[in-house]
Amino acid sequence: MLDIQLLRNDLSAVGARLASRGFDLDTAEFARLEAERKTLQTHTQALQAKRNASSKQIGIAKSKGEDTDALMAEIADLGAELTAAEGALTVLQASLNVLLMGIPNLPHASVPAGRSEEDNVEISRVGTPRLFDFPVKDHVDVGEKLGLDFETASKIAGARFSLLRGGLARLHRALAQFMLDTHTAAHDYTEVYVPYLVNAESMRGTGQLPKFEEDLFHVPRAEMERLYLIPTAEVPLTNMVRDQIVAREQLPLRFVAHTPCFRAEAGAYGRDTRGMIRQHQFDKVELVQLVEPKDSYAVLEQLTGHAEAILQALELPYRKMLLCTRDMGFSAAKTYDLEVWLPAQQTYREISSCSNFEAFQTRRMQARFRAENGKPELLHSVNGSGLAVGRTLVAILENHQQADGAVAIPEALRPYMGGVAALKPVTGA
RNA sequence: GGAGAGAUGGCCGAGUGGUCGAAGGUACUCCCCUGCUAAGGGAGCGUAGGGUUUAUAGCCUUACCGAGGGUUCGAAUCCCUCUCUCUCCGCCA
């Protein structure tokens with residue numbers, strides 16, 4: 001959510017910055033609602049002040065045993081007028097709020113203007129794609145021989161689910177463990193175990209609601225508020241500080257969690273249908289930092305580096321992309337995507353997305369810290385995948401495949417694999 | 001699933017219809033006193049808005065005592081619904 005003061009004070013500039021990311025803010029409508037709000041709110045509050053003063057007088061009179069009929073008569077008609085004014089104000093503020101909640105974040109000045117992902121800017125390229133002296137297979141063909149089974153998954157659940165057996169299941173687990181250990185030991189994050197189902201308030205806090213409900217799975221409960229399956233651990237991790245004022249000495253807060261993520265992929269029919277690139281359920285290790293505003297852009301660089309460290313340790317070639325204005329997510333002010341090399345597709349595919357949200361999320365959830373002057377101030381939130389586990393598995397299968405169908409295990413991962421140096425094809429797997 | 005208790009400011013805790021945004025304590029900030037490891041005195045000290053304003057200063061004002069509704073001229077206080085916490089019983093990974 002943007003600061004409404006910014007819209008009031010500098011509406012046309014905000015409109016222009018939003019236009020750069022393809023959002024058309026109806027500035028006339030906002031100005032109209034805002035003008036109406038001002039009139040109505042002033043009026044309502046004047047009526048409330050009058051009622052409060054009169055009621056106080058009645059109280060004083062009664063305590064002295066004086067007659068209060070005259071005072072009562074004075075405000076006899078006030079009630080209806082006040083109810084009407086309050087009702088109208090509530091309705092108006094609700095529509096202003098709907099408008100406000102639907103406005104995406106403003107892009108940071110360093111974000112390149114662009115129309116699509118074509119206009120994203122490559123910042124760096126790390127590692128060299130391997131040259132293969134045999135025909136390269138994609139992860140589905142490599143995985144098939146090692147325990148990757150979509151047929152059984154679709155029988156059990158449906159399309160866009162996967163099932164891993166044996167060494168491959170262990171590799172998946174090893175990746176998550178390795179990432180968690182690296183981020184806690186080397187990067188100083190606190191490991192957190194979180195709920196996978198969250199309430200609507202949490203989804204509003206990080207920006208999934210109200211606008212993107214169709215992307216989420218939910219669980220209805222009789223007589224109770226529905227719960228939503230988390231699409232990323234960003235939701236529970238960031239909401240830890242919702243409605244809190246954190247002491248400045250505790251900053252920065254650094255959290256890491258390994259969770260499954262659930263996405264309806266409602267808008268993705270027909271896209272990435274082969275393999276485990278785009279699934280309804282996938283695991284991810286998520287990094288979240290809550291920091292002072294002055295630090296958030298430095299932290300974005302740092303946190304992106306934490307994700308990169310995993311790719312480097314796993315010997316996976318990747319590039320770092322700065323997303324252009326129109327390719328960024330709704331809540332982000334600036335985003336780097338890390339894209340891993342997939343040799344079968346001869347292309348780089350997203351494996352991590354690291355963003356600075358500034359106060360966009362924390363304003364919604366009233367997550368604050370006490371500044372040096374003693375005043376509460378909104379935190380900035382920064383998060384990123386470190387990394388998506390499923391896609392990392394895909395990248396390892398493709399990049400480290402051998403001519404005989406085996407897959408080499410990167411050195412860093414071997415302690416988590418019981419010392420195994422390679423996964424070998426299993427007949428009947 | 002059954003029975004009961006509760007939710008008040010950073011924390012503890014008083015307050016069952018009226019000058020209560022809320023006693024008292026504690027923490028914190030400033031000042032004074034004292035002087036040696038701790039104490040005494042005084043003052044200040046919630047949050048989010050709105051209006052005015054060059055102003056995140058001041059002044060005026062509204063809302064907030066778990067959330068939402070209701071009764072009333074007036075609600076922390078009375079009524080209803082919900083959420084959460086605790087205790088006991090049952091069940092259970």
# chains A, B, ... in the order shown; residues from 1 in each chain; ligands from 1
$ residues_around --residues "A:Phe282" --least-positions-apart "3" --cutoff "8 Å" --atoms "only C-alpha atoms (C1' of nucleotides)" --output "PyMOL selection string"
chain A and resi 260-262+279+388-390
$ closest_atom_pairs --of "chain B" --to "chain A" --cutoff "7 Å" --atoms "only C-alpha atoms (C1' of nucleotides)" --output "tab-separated table"
residue	atom	partner	partner_atom	distance
B:G18	C1'	A:Gly59	CA	4.3
B:U19	C1'	A:Ile60	CA	6.6
B:G50	C1'	A:Thr42	CA	6.9
B:U62	C1'	A:Gln45	CA	5.6
B:C73	C1'	A:Ser55	CA	5.7
B:G74	C1'	A:Ser55	CA	5.2
$ write_last_selection --atoms "C-alpha atoms (C1' of nucleotides)" --output "PDB file, in the first residue's frame"
ATOM      1  C1'   G B  18     -21.023  10.198  33.057  1.00  0.00           C
ATOM      2  C1'   U B  19     -15.552  15.784  34.031  1.00  0.00           C
ATOM      3  C1'   G B  50      -8.507  14.651  10.241  1.00  0.00           C
ATOM      4  C1'   U B  62     -11.869  12.300  15.903  1.00  0.00           C
ATOM      5  C1'   C B  73     -27.823  11.821  25.274  1.00  0.00           C
ATOM      6  C1'   G B  74     -23.312   9.149  26.968  1.00  0.00           C
TER       7        G B  74
END
$ select_by_dssp --residues "stretch 178-403 of chain A" --states "strand (DSSP E or B)" --output "ChimeraX atom specification"
/A:190-191,197-198,218-221,224-229,244-246,253-262,281-291,318-322,334-342,347-358,367-370,376-378,380-388,401
$ select_by_dssp --residues "stretch 286-367 of chain A" --states "helix (DSSP H, G or I)" --output "VMD selection string"
chain A and resid 293 to 313 325 to 327 360 to 365
$ atom_distance --atom1 "atom CA of A:Leu164" --atom2 "atom CA of A:Glu144"
9.6 Å
$ closest_atom_pairs --of "stretch 95-124 of chain A" --to "stretch 203-207 of chain A" --cutoff "12 Å" --atoms "only C-alpha atoms" --output "tab-separated table"
residue	atom	partner	partner_atom	distance
A:Val98	CA	A:Arg204	CA	11.9
A:Leu100	CA	A:Gly207	CA	11.8
A:Met101	CA	A:Gly207	CA	8.4
A:Gly102	CA	A:Gly207	CA	9.3
A:Ile103	CA	A:Gly207	CA	10.4
A:Pro104	CA	A:Gly207	CA	9.2
A:Asn105	CA	A:Gly207	CA	10.2
$ closest_residue --among "B:A14, B:A93, B:U47, B:A27" --to "A:Gln366" --atoms "only C-alpha atoms (C1' of nucleotides)"
B:U47
$ residues_around --residues "stretch 297-299 of chain A" --least-positions-apart "4" --cutoff "10 Å" --atoms "only C-alpha atoms (C1' of nucleotides)" --output "list in words"
His108, Pro252, Gln289, Leu290, Val291, Glu292, Pro293, Leu303, Thr304, Gly305, Lys334, Ser355, Asn356, Phe357, Glu358, His380, Ser381, Val382 and Asn383 of chain A
$ atom_distance --atom1 "atom CA of A:Asp327" --atom2 "atom CA of A:Asp119"
8.6 Å
$ atom_distance --atom1 "atom CA of A:Leu300" --atom2 "atom CA of A:Glu117"
20.3 Å
$ residues_around --residues "A:Glu213" --least-positions-apart "6" --cutoff "12 Å" --atoms "only C-alpha atoms (C1' of nucleotides)" --output "MDAnalysis selection string"
chainID A and resid 200 203:204 207 227:231 263:267
$ write_last_selection --atoms "N, CA, C and O atoms" --output "PDB file, in the first residue's frame"
ATOM      1  N   ALA A 200      -6.590 -14.465   6.263  1.00  0.00           N
ATOM      2  CA  ALA A 200      -6.691 -13.439   5.219  1.00  0.00           C
ATOM      3  C   ALA A 200      -5.897 -12.193   5.584  1.00  0.00           C
ATOM      4  O   ALA A 200      -5.305 -11.538   4.720  1.00  0.00           O
ATOM      5  N   MET A 203      -2.414 -12.508   4.412  1.00  0.00           N
ATOM      6  CA  MET A 203      -2.330 -12.397   2.956  1.00  0.00           C
ATOM      7  C   MET A 203      -2.466 -10.939   2.509  1.00  0.00           C
ATOM      8  O   MET A 203      -1.845 -10.524   1.536  1.00  0.00           O
ATOM      9  N   ARG A 204      -3.266 -10.184   3.226  1.00  0.00           N
ATOM     10  CA  ARG A 204      -3.378  -8.754   2.926  1.00  0.00           C
ATOM     11  C   ARG A 204      -2.068  -8.053   3.249  1.00  0.00           C
ATOM     12  O   ARG A 204      -1.631  -7.165   2.528  1.00  0.00           O
ATOM     13  N   GLY A 207       0.376  -8.544   0.528  1.00  0.00           N
ATOM     14  CA  GLY A 207      -0.078  -8.043  -0.766  1.00  0.00           C
ATOM     15  C   GLY A 207      -0.730  -9.062  -1.694  1.00  0.00           C
ATOM     16  O   GLY A 207      -1.106  -8.725  -2.802  1.00  0.00           O
ATOM     17  N   LEU A 227      -8.913 -20.402   5.607  1.00  0.00           N
ATOM     18  CA  LEU A 227      -7.457 -20.284   5.677  1.00  0.00           C
ATOM     19  C   LEU A 227      -6.894 -20.467   4.278  1.00  0.00           C
ATOM     20  O   LEU A 227      -7.460 -21.170   3.443  1.00  0.00           O
ATOM     21  N   TYR A 228      -5.765 -19.821   4.019  1.00  0.00           N
ATOM     22  CA  TYR A 228      -5.128 -19.899   2.715  1.00  0.00           C
ATOM     23  C   TYR A 228      -3.826 -20.666   2.803  1.00  0.00           C
ATOM     24  O   TYR A 228      -3.074 -20.516   3.773  1.00  0.00           O
ATOM     25  N   LEU A 229      -3.529 -21.463   1.772  1.00  0.00           N
ATOM     26  CA  LEU A 229      -2.233 -22.145   1.700  1.00  0.00           C
ATOM     27  C   LEU A 229      -1.202 -21.134   1.231  1.00  0.00           C
ATOM     28  O   LEU A 229      -1.438 -20.396   0.263  1.00  0.00           O
ATOM     29  N   ILE A 230      -0.078 -21.100   1.894  1.00  0.00           N
ATOM     30  CA  ILE A 230       0.915 -20.075   1.561  1.00  0.00           C
ATOM     31  C   ILE A 230       1.507 -20.319   0.170  1.00  0.00           C
ATOM     32  O   ILE A 230       1.855 -21.440  -0.174  1.00  0.00           O
ATOM     33  N   PRO A 231       1.623 -19.261  -0.634  1.00  0.00           N
ATOM     34  CA  PRO A 231       2.261 -19.378  -1.943  1.00  0.00           C
ATOM     35  C   PRO A 231       3.765 -19.203  -1.818  1.00  0.00           C
ATOM     36  O   PRO A 231       4.508 -19.438  -2.767  1.00  0.00           O
ATOM     37  N   ARG A 263       0.551 -22.899  -5.306  1.00  0.00           N
ATOM     38  CA  ARG A 263       0.065 -21.871  -6.219  1.00  0.00           C
ATOM     39  C   ARG A 263      -0.933 -22.461  -7.205  1.00  0.00           C
ATOM     40  O   ARG A 263      -0.692 -23.511  -7.793  1.00  0.00           O
ATOM     41  N   ALA A 264      -2.033 -21.755  -7.355  1.00  0.00           N
ATOM     42  CA  ALA A 264      -3.092 -22.255  -8.234  1.00  0.00           C
ATOM     43  C   ALA A 264      -2.672 -22.173  -9.696  1.00  0.00           C
ATOM     44  O   ALA A 264      -3.171 -22.919 -10.526  1.00  0.00           O
ATOM     45  N   GLU A 265      -1.753 -21.281 -10.034  1.00  0.00           N
ATOM     46  CA  GLU A 265      -1.268 -21.110 -11.404  1.00  0.00           C
ATOM     47  C   GLU A 265      -2.446 -20.926 -12.356  1.00  0.00           C
ATOM     48  O   GLU A 265      -2.482 -21.475 -13.468  1.00  0.00           O
ATOM     49  N   ALA A 266      -3.383 -20.107 -11.899  1.00  0.00           N
ATOM     50  CA  ALA A 266      -4.634 -19.915 -12.631  1.00  0.00           C
ATOM     51  C   ALA A 266      -4.375 -19.306 -14.009  1.00  0.00           C
ATOM     52  O   ALA A 266      -5.034 -19.652 -14.979  1.00  0.00           O
ATOM     53  N   GLY A 267      -3.409 -18.421 -14.104  1.00  0.00           N
ATOM     54  CA  GLY A 267      -3.172 -17.752 -15.376  1.00  0.00           C
ATOM     55  C   GLY A 267      -2.128 -18.434 -16.244  1.00  0.00           C
ATOM     56  O   GLY A 267      -1.621 -17.855 -17.191  1.00  0.00           O
TER      57      GLY A 267
END
$ residues_around --residues "B:C86" --least-positions-apart "2" --cutoff "12 Å" --atoms "only C-alpha atoms (C1' of nucleotides)" --output "MDAnalysis selection string"
chainID B and resid 4:7 84 88
